file final-v4.txt (compact mmCIF, C-alpha atoms and all ligand atoms)
# COMPACT_ATOMS: atom_id res chain seq x y z
CA MET A 1 -5.80 16.05 -26.79
CA SER A 2 -2.63 14.59 -25.18
CA LEU A 3 -3.02 11.51 -23.05
CA PHE A 4 -1.29 11.37 -19.67
CA GLY A 5 -0.31 8.74 -17.14
CA GLY A 6 -0.84 9.39 -13.44
CA ILE A 7 0.64 7.55 -10.48
CA GLU A 8 -0.59 8.12 -6.94
CA ALA A 9 2.17 6.55 -4.86
CA GLY A 10 0.87 5.86 -1.35
CA GLY A 11 2.35 4.01 1.59
CA THR A 12 -0.53 1.50 1.50
CA LYS A 13 -1.47 1.43 -2.17
CA PHE A 14 -0.50 2.77 -5.55
CA VAL A 15 -3.17 3.98 -7.99
CA CYS A 16 -2.32 4.28 -11.69
CA ALA A 17 -4.52 5.74 -14.39
CA VAL A 18 -4.42 6.96 -17.95
CA GLY A 19 -6.54 9.87 -19.08
CA THR A 20 -6.89 13.58 -19.61
CA GLY A 21 -9.07 14.62 -16.65
CA PRO A 22 -11.99 13.72 -14.38
CA THR A 23 -14.41 12.97 -17.22
CA ASP A 24 -11.84 10.95 -19.13
CA LEU A 25 -10.06 8.31 -17.04
CA ARG A 26 -9.59 5.45 -19.49
CA ALA A 27 -7.90 2.90 -17.33
CA ARG A 28 -7.26 2.63 -13.64
CA MET A 29 -5.37 0.11 -11.55
CA GLU A 30 -4.86 -0.14 -7.80
CA LEU A 31 -2.11 -2.27 -6.32
CA PRO A 32 -0.86 -2.75 -2.76
CA THR A 33 2.47 -1.14 -1.89
CA THR A 34 4.87 -4.08 -1.45
CA SER A 35 8.61 -3.90 -2.18
CA PRO A 36 9.81 -1.02 -4.38
CA GLU A 37 11.03 -3.43 -7.11
CA GLU A 38 7.74 -5.32 -7.32
CA THR A 39 5.52 -2.24 -7.01
CA ILE A 40 7.41 -0.08 -9.51
CA GLY A 41 7.70 -3.09 -11.85
CA ARG A 42 3.91 -3.53 -11.89
CA VAL A 43 3.39 0.19 -12.44
CA VAL A 44 5.76 0.25 -15.44
CA LYS A 45 4.04 -2.83 -16.91
CA PHE A 46 0.60 -1.19 -16.56
CA PHE A 47 1.71 1.86 -18.56
CA GLN A 48 3.54 -0.27 -21.13
CA ASN A 49 0.26 -2.10 -21.81
CA GLN A 50 -1.69 1.16 -21.97
CA ALA A 51 0.84 2.81 -24.27
CA LYS A 52 0.28 0.00 -26.80
CA HIS A 53 -3.22 1.41 -27.42
CA GLU A 54 -2.32 5.08 -27.49
CA PRO A 55 1.00 6.80 -26.73
CA LEU A 56 1.35 8.89 -23.57
CA ALA A 57 2.62 12.48 -23.66
CA ALA A 58 3.93 12.52 -20.07
CA VAL A 59 3.64 10.79 -16.70
CA GLY A 60 3.00 12.41 -13.32
CA ILE A 61 3.80 10.97 -9.91
CA GLY A 62 2.33 12.24 -6.65
CA SER A 63 4.16 10.45 -3.88
CA PHE A 64 4.19 9.90 -0.15
CA GLY A 65 7.30 11.37 1.36
CA PRO A 66 9.55 12.87 2.30
CA ILE A 67 10.70 13.15 -1.32
CA GLU A 68 13.24 15.15 -3.34
CA VAL A 69 11.32 17.57 -5.57
CA HIS A 70 14.16 19.81 -6.74
CA SER A 71 15.14 18.96 -10.29
CA SER A 72 18.71 20.22 -9.71
CA SER A 73 19.36 17.57 -7.05
CA PRO A 74 21.07 14.26 -8.00
CA HIS A 75 18.32 12.59 -5.98
CA PHE A 76 15.46 14.30 -7.78
CA GLY A 77 12.56 11.88 -7.97
CA TYR A 78 13.56 9.87 -4.90
CA ILE A 79 11.61 9.00 -1.82
CA THR A 80 14.22 10.05 0.76
CA SER A 81 14.03 9.66 4.54
CA THR A 82 10.73 7.80 4.89
CA PRO A 83 10.31 5.56 7.94
CA LYS A 84 8.42 3.09 5.69
CA ALA A 85 10.45 -0.15 5.63
CA GLY A 86 12.34 -0.76 2.38
CA TRP A 87 11.36 2.58 0.82
CA ARG A 88 14.22 4.79 1.99
CA ASP A 89 16.26 6.33 -0.87
CA VAL A 90 14.10 4.77 -3.56
CA ASP A 91 14.19 6.27 -7.06
CA LEU A 92 10.62 6.59 -8.38
CA VAL A 93 11.14 8.86 -11.36
CA GLY A 94 14.23 7.08 -12.80
CA PRO A 95 12.59 3.74 -13.67
CA VAL A 96 9.58 5.49 -15.22
CA ARG A 97 11.79 7.80 -17.28
CA ARG A 98 13.98 4.92 -18.45
CA ALA A 99 10.98 2.82 -19.45
CA PHE A 100 9.14 5.51 -21.41
CA ASN A 101 11.57 8.31 -22.22
CA LEU A 102 8.85 10.87 -21.44
CA PRO A 103 8.66 14.01 -19.30
CA VAL A 104 7.86 12.98 -15.71
CA GLY A 105 6.21 15.37 -13.26
CA PHE A 106 6.98 14.64 -9.63
CA ASP A 107 5.65 16.14 -6.42
CA THR A 108 4.21 15.27 -3.05
CA ASP A 109 0.91 13.41 -3.00
CA VAL A 110 -0.72 16.46 -1.42
CA ASN A 111 0.74 18.97 -3.87
CA ALA A 112 -0.49 16.70 -6.66
CA ALA A 113 -3.98 16.57 -5.16
CA ALA A 114 -3.87 20.34 -4.71
CA LEU A 115 -2.99 20.77 -8.39
CA GLY A 116 -5.86 18.46 -9.38
CA GLU A 117 -8.29 20.45 -7.25
CA HIS A 118 -6.92 23.63 -8.80
CA GLN A 119 -7.43 22.36 -12.32
CA TRP A 120 -10.79 20.61 -11.91
CA GLY A 121 -12.11 20.88 -8.36
CA ALA A 122 -12.53 23.00 -5.25
CA ALA A 123 -9.64 25.39 -5.93
CA ARG A 124 -10.53 26.45 -9.46
CA GLY A 125 -9.71 30.11 -10.09
CA LEU A 126 -7.66 30.57 -6.90
CA ASP A 127 -3.94 31.21 -6.73
CA THR A 128 -3.23 30.76 -3.03
CA PHE A 129 -4.84 27.85 -1.20
CA VAL A 130 -4.07 24.86 0.97
CA TYR A 131 -5.06 21.23 0.57
CA ILE A 132 -4.95 19.07 3.69
CA THR A 133 -5.65 15.39 4.07
CA VAL A 134 -6.45 13.94 7.48
CA GLY A 135 -6.11 10.18 7.29
CA THR A 136 -3.37 7.79 8.40
CA GLY A 137 -1.20 10.91 8.56
CA ILE A 138 -1.84 14.59 8.03
CA GLY A 139 -0.39 15.99 4.83
CA GLY A 140 -0.64 19.46 3.42
CA GLY A 141 0.19 21.01 0.08
CA GLY A 142 -1.06 23.87 -1.99
CA MET A 143 -0.22 26.92 -4.01
CA VAL A 144 1.08 30.36 -3.22
CA GLU A 145 0.50 32.93 -5.94
CA GLY A 146 -0.04 30.26 -8.56
CA ASN A 147 2.95 28.03 -7.77
CA LEU A 148 2.88 24.73 -5.90
CA ILE A 149 4.68 25.26 -2.60
CA HIS A 150 8.20 23.86 -2.35
CA GLY A 151 11.11 25.66 -0.71
CA LEU A 152 13.88 24.13 1.36
CA LEU A 153 12.38 20.66 0.92
CA HIS A 154 8.59 20.71 0.75
CA PRO A 155 6.00 21.64 3.35
CA GLU A 156 5.42 19.21 6.21
CA MET A 157 2.21 20.72 7.50
CA GLY A 158 1.31 17.56 9.40
CA HIS A 159 4.15 18.21 11.81
CA LEU A 160 3.08 21.70 12.84
CA ARG A 161 3.28 22.02 16.59
CA ILE A 162 -0.14 22.88 17.98
CA ALA A 163 -1.23 23.84 21.49
CA HIS A 164 -1.88 20.73 23.55
CA ASP A 165 -3.63 21.07 26.90
CA THR A 166 -2.29 17.93 28.55
CA GLN A 167 -4.74 18.26 31.46
CA ALA A 168 -7.77 18.22 29.20
CA ASP A 169 -6.19 15.60 26.90
CA PRO A 170 -3.34 13.64 28.50
CA PHE A 171 -2.84 11.54 25.34
CA ALA A 172 0.84 11.80 24.36
CA GLY A 173 0.33 11.60 20.59
CA VAL A 174 1.55 9.08 18.02
CA CYS A 175 4.18 10.92 15.98
CA PRO A 176 7.47 9.00 16.27
CA PHE A 177 9.41 12.27 15.93
CA HIS A 178 7.38 14.73 18.00
CA GLY A 179 4.69 12.90 19.93
CA ASP A 180 2.00 15.55 20.06
CA CYS A 181 2.48 17.49 16.81
CA TRP A 182 -0.62 18.01 14.61
CA GLU A 183 -0.33 14.57 13.08
CA GLY A 184 0.49 13.06 16.47
CA LEU A 185 -2.79 14.32 17.93
CA ALA A 186 -5.33 14.38 15.12
CA THR A 187 -4.91 11.53 12.59
CA GLY A 188 -7.03 8.38 12.31
CA PRO A 189 -4.44 6.30 14.22
CA SER A 190 -4.29 8.88 17.02
CA LEU A 191 -8.10 8.86 17.33
CA GLU A 192 -7.94 5.09 17.58
CA ALA A 193 -5.09 5.11 20.11
CA ARG A 194 -6.77 7.75 22.28
CA TRP A 195 -10.30 6.34 22.29
CA GLY A 196 -9.64 2.66 21.66
CA THR A 197 -11.96 2.64 18.63
CA LYS A 198 -11.47 3.46 14.99
CA GLY A 199 -12.79 6.86 13.91
CA GLN A 200 -15.48 5.33 11.72
CA ALA A 201 -16.93 3.52 14.77
CA LEU A 202 -17.10 6.61 17.03
CA PRO A 203 -20.68 7.97 17.08
CA PRO A 204 -21.29 11.57 15.95
CA ASP A 205 -22.10 12.74 19.50
CA HIS A 206 -18.88 11.28 20.97
CA PRO A 207 -16.63 13.88 22.71
CA ALA A 208 -13.83 12.72 20.35
CA TRP A 209 -15.21 14.94 17.61
CA LYS A 210 -15.19 18.20 19.54
CA LEU A 211 -11.55 17.58 20.49
CA GLU A 212 -10.70 16.50 16.95
CA ALA A 213 -12.30 19.66 15.54
CA HIS A 214 -10.34 21.74 18.05
CA TYR A 215 -7.02 20.21 16.94
CA LEU A 216 -7.86 20.48 13.26
CA ALA A 217 -8.89 24.11 13.71
CA LEU A 218 -5.63 24.90 15.56
CA GLY A 219 -3.63 23.70 12.55
CA VAL A 220 -5.97 25.39 10.07
CA THR A 221 -5.69 28.66 12.01
CA SER A 222 -1.88 28.53 11.86
CA LEU A 223 -2.03 27.97 8.11
CA VAL A 224 -4.49 30.83 7.65
CA CYS A 225 -2.14 33.12 9.56
CA ALA A 226 1.04 31.93 7.81
CA LEU A 227 -0.09 31.70 4.19
CA SER A 228 -3.28 33.75 3.92
CA PRO A 229 -4.94 31.13 1.73
CA GLN A 230 -8.04 32.05 -0.23
CA ARG A 231 -9.52 28.64 0.63
CA ILE A 232 -8.67 25.55 2.66
CA ILE A 233 -9.60 22.12 1.34
CA LEU A 234 -9.90 19.44 4.03
CA GLY A 235 -10.05 15.83 2.88
CA GLY A 236 -8.97 12.35 3.93
CA GLY A 237 -10.65 9.46 5.72
CA VAL A 238 -11.19 11.20 9.07
CA MET A 239 -13.15 14.01 7.37
CA LYS A 240 -15.74 11.42 6.34
CA GLN A 241 -17.18 11.86 9.83
CA ALA A 242 -20.23 13.87 8.82
CA SER A 243 -20.36 16.38 11.68
CA LEU A 244 -16.65 17.19 11.66
CA MET A 245 -16.46 19.78 8.87
CA SER A 246 -18.96 22.16 10.45
CA LEU A 247 -17.32 21.77 13.87
CA VAL A 248 -13.92 22.68 12.34
CA ARG A 249 -15.40 25.73 10.61
CA ARG A 250 -16.96 27.04 13.80
CA GLU A 251 -13.87 26.35 15.90
CA THR A 252 -11.64 28.09 13.33
CA GLN A 253 -13.84 31.19 13.54
CA GLU A 254 -13.64 31.09 17.33
CA LEU A 255 -9.86 30.68 17.42
CA LEU A 256 -9.30 33.51 14.93
CA ASN A 257 -11.70 35.58 17.06
CA GLY A 258 -12.54 38.14 14.40
CA TYR A 259 -8.94 39.15 13.85
CA ILE A 260 -8.78 38.36 10.15
CA GLN A 261 -11.30 40.72 8.66
CA ALA A 262 -12.40 38.81 5.62
CA ALA A 263 -16.01 37.97 4.88
CA GLU A 264 -14.78 34.60 3.59
CA ILE A 265 -13.98 33.68 7.18
CA THR A 266 -16.40 35.75 9.24
CA GLU A 267 -19.50 35.24 7.05
CA HIS A 268 -19.00 32.54 4.41
CA ILE A 269 -16.81 30.03 6.12
CA GLU A 270 -18.74 27.15 4.51
CA GLN A 271 -17.21 28.25 1.21
CA TYR A 272 -13.80 28.84 2.80
CA ILE A 273 -13.12 25.51 4.52
CA VAL A 274 -14.43 22.94 2.07
CA ALA A 275 -14.27 19.28 1.07
CA PRO A 276 -12.30 18.21 -2.01
CA GLU A 277 -14.39 17.80 -5.16
CA LEU A 278 -12.46 15.05 -6.91
CA GLY A 279 -13.29 12.30 -4.40
CA ASP A 280 -11.43 9.00 -4.54
CA ASN A 281 -9.68 9.96 -7.76
CA ALA A 282 -8.16 13.16 -6.35
CA GLY A 283 -4.71 11.64 -5.96
CA VAL A 284 -4.42 10.05 -9.37
CA LEU A 285 -6.05 13.02 -11.12
CA GLY A 286 -3.53 15.24 -9.36
CA ALA A 287 -0.78 13.06 -10.80
CA ILE A 288 -2.32 13.47 -14.26
CA ALA A 289 -2.30 17.24 -13.68
CA LEU A 290 1.42 16.97 -12.80
CA ALA A 291 1.99 15.07 -16.05
CA SER A 292 0.21 17.75 -18.01
CA ALA A 293 2.33 20.44 -16.33
CA ALA A 294 5.52 18.45 -17.10
CA ALA A 295 4.50 18.09 -20.74
CA HIS A 296 4.07 21.85 -21.06
CA SER A 297 7.20 22.90 -19.16
P1 LIG B 301 -4.62 7.27 3.95
O1 LIG B 301 -4.37 8.45 4.81
O2 LIG B 301 -3.93 6.04 4.43
O3 LIG B 301 -4.42 7.53 2.49
P2 LIG B 301 -7.48 7.69 4.39
O4 LIG B 301 -7.41 9.10 3.99
O5 LIG B 301 -8.62 6.88 3.86
O6 LIG B 301 -6.17 6.87 4.06
O7 LIG B 301 -7.56 7.66 5.97
C1 LIG B 301 -7.60 6.48 6.71
C2 LIG B 301 -7.94 6.84 8.16
O8 LIG B 301 -9.24 7.46 8.20
C3 LIG B 301 -8.00 5.62 9.07
O9 LIG B 301 -7.26 5.90 10.25
C4 LIG B 301 -9.49 5.47 9.38
O10 LIG B 301 -9.71 4.96 10.66
C5 LIG B 301 -10.02 6.89 9.25
N1 LIG B 301 -11.43 6.93 8.85
C6 LIG B 301 -12.01 6.33 7.79
N2 LIG B 301 -13.33 6.59 7.73
C7 LIG B 301 -13.61 7.37 8.80
C8 LIG B 301 -14.80 7.98 9.30
N3 LIG B 301 -15.99 7.80 8.72
N4 LIG B 301 -14.70 8.72 10.40
C9 LIG B 301 -13.50 8.89 11.00
N5 LIG B 301 -12.36 8.35 10.60
C10 LIG B 301 -12.40 7.58 9.50
ZN ZN B 302 5.42 15.01 13.99

call {"tool": "encode", "arguments": {"input": "final-v4.txt", "output": "structure tokens"}}
result
Amino acid sequence: MSLFGGIEAGGTKFVCAVGTGPTDLRARMELPTTSPEETIGRVVKFFQNQAKHEPLAAVGIGSFGPIEVHSSSPHFGYITSTPKAGWRDVDLVGPVRRAFNLPVGFDTDVNAAALGEHQWGAARGLDTFVYITVGTGIGGGGMVEGNLIHGLLHPEMGHLRIAHDTQADPFAGVCPFHGDCWEGLATGPSLEARWGTKGQALPPDHPAWKLEAHYLALGVTSLVCALSPQRIILGGGVMKQASLMSLVRRETQELLNGYIQAAEITEHIEQYIVAPELGDNAGVLGAIALASAAAHS
């Protein structure tokens, strides 16, 4: 079986691994995201060491964005307009390709995670689904009719505009572009800015969670209406709050108000809005899935 390299490129940390899937991750390394030169240099060195033991068939990169995912573009493989200092217009794919002369799969971190969940996790057997992470930001990816969603650029689900009752919640939101978009109102940093306490320190009965569930359900509802996904996977640090998932499910049902006549939503919502199954390795396994797809394309 071919061996693949996976790179989860995050704004805070990079995770690299070599393997073939969830039951076969042979080596794994985490490193903090510093300068592009240093970070990419360490990544290349990790795979050079690994490739000494056994050659790789392809490498996959799931990256924070915005990124250029269209292979016809001269900037394919670049992180493009990110606000993250030092990382604007950085070529991620080029250095990896030059070092290893292998096929390189490249997509958003969330499309990568979606592909991993499709191959090995909560989206097995589906062809249209959405994967959302609610953490430092909100990111969304997924598939429509069996293809990872791209398009003009790639989806930016975190910046959906959602209804914001400024009387009930006067908080202006933290998105530097939009203030109170989905990400502006419902990420970990917005919880912390609104309530003065990190999400993990807010008790389960705190009113923060009802409001959080309302905002998450507003975004989920829009995605259900726009894409008609067969399932929605909700992950990320904020979803670790134990009571949140069931609150989001109930609120989504209420907001849809019986309009979408599918038993998946009206009767079995606990199988419709679900947690990811690949846990902390979702990102890097997704990158390995991208590598596998690149090797076979
Ligand atoms: P990132 O989005 O940076 O990849 P995570 O998905 O782990 O990272 O999300 C980090 C965010 O999740 C932080 O803002 C943190 O405060 C929040 N968080 C972590 N654990 C919990 C928890 N148990 N309940 C609510 N929020 C949490
Ligand atoms: Zn925004």

call {"tool": "axis_aligned_box", "arguments": {"input": "final-v4.txt", "around": "ligand LIG 301 (chain B)", "padding_each_side": "8 Å", "output": "lines of an AutoDock Vina configuration file"}}
result
center_x = -10.0
center_y = 7.0
center_z = 6.7
size_x = 28.1
size_y = 20.1
size_z = 24.5

call {"tool": "closest_residue", "arguments": {"input": "final-v4.txt", "among": "A:Gln230, A:Gln200, A:Thr80, A:Ser71", "to": "A:Thr128", "atoms": "all atoms listed in the file"}}
result
A:Gln230

call {"tool": "closest_residue", "arguments": {"input": "final-v4.txt", "among": "A:Trp182, A:Tyr131, A:Trp209, A:Trp195", "to": "ligand ZN 302 (chain B)", "atoms": "only C-alpha atoms and all ligand atoms"}}
result
A:Trp182

call {"tool": "atom_distance", "arguments": {"input": "final-v4.txt", "atom1": "atom CA of A:Val220", "atom2": "atom CA of A:Val248"}}
result
8.7 Å

call {"tool": "atom_distance", "arguments": {"input": "final-v4.txt", "atom1": "atom CA of A:Ala262", "atom2": "atom CA of A:Arg161"}}
result
25.5 Å

call {"tool": "closest_atom_pairs", "arguments": {"input": "final-v4.txt", "of": "chain A", "to": "ligand LIG 301 (chain B)", "cutoff": "6 Å", "atoms": "only C-alpha atoms and all ligand atoms", "output": "tab-separated table"}}
result
residue	atom	partner	partner_atom	distance
A:Gly135	CA	B:LIG301	O7	3.2
A:Thr136	CA	B:LIG301	O1	3.8
A:Gly137	CA	B:LIG301	O1	5.5
A:Gly188	CA	B:LIG301	O9	3.2
A:Pro189	CA	B:LIG301	O9	4.9
A:Lys198	CA	B:LIG301	O10	4.9
A:Gly199	CA	B:LIG301	C9	3.6
A:Gln200	CA	B:LIG301	C8	3.7
A:Gly236	CA	B:LIG301	O4	3.6
A:Gly237	CA	B:LIG301	O8	3.5
A:Val238	CA	B:LIG301	N5	3.4
A:Lys240	CA	B:LIG301	N3	4.3
A:Gln241	CA	B:LIG301	N4	4.0

call {"tool": "residues_near_ligand", "arguments": {"input": "final-v4.txt", "ligand": "ligand ZN 302 (chain B)", "cutoff": "10 Å", "atoms": "all atoms listed in the file", "output": "ChimeraX atom specification"}}
result
/A:137-138,156-161,173-185

call {"tool": "atom_distance", "arguments": {"input": "final-v4.txt", "atom1": "atom CA of A:Ala9", "atom2": "atom CA of A:Arg231"}}
result
25.6 Å
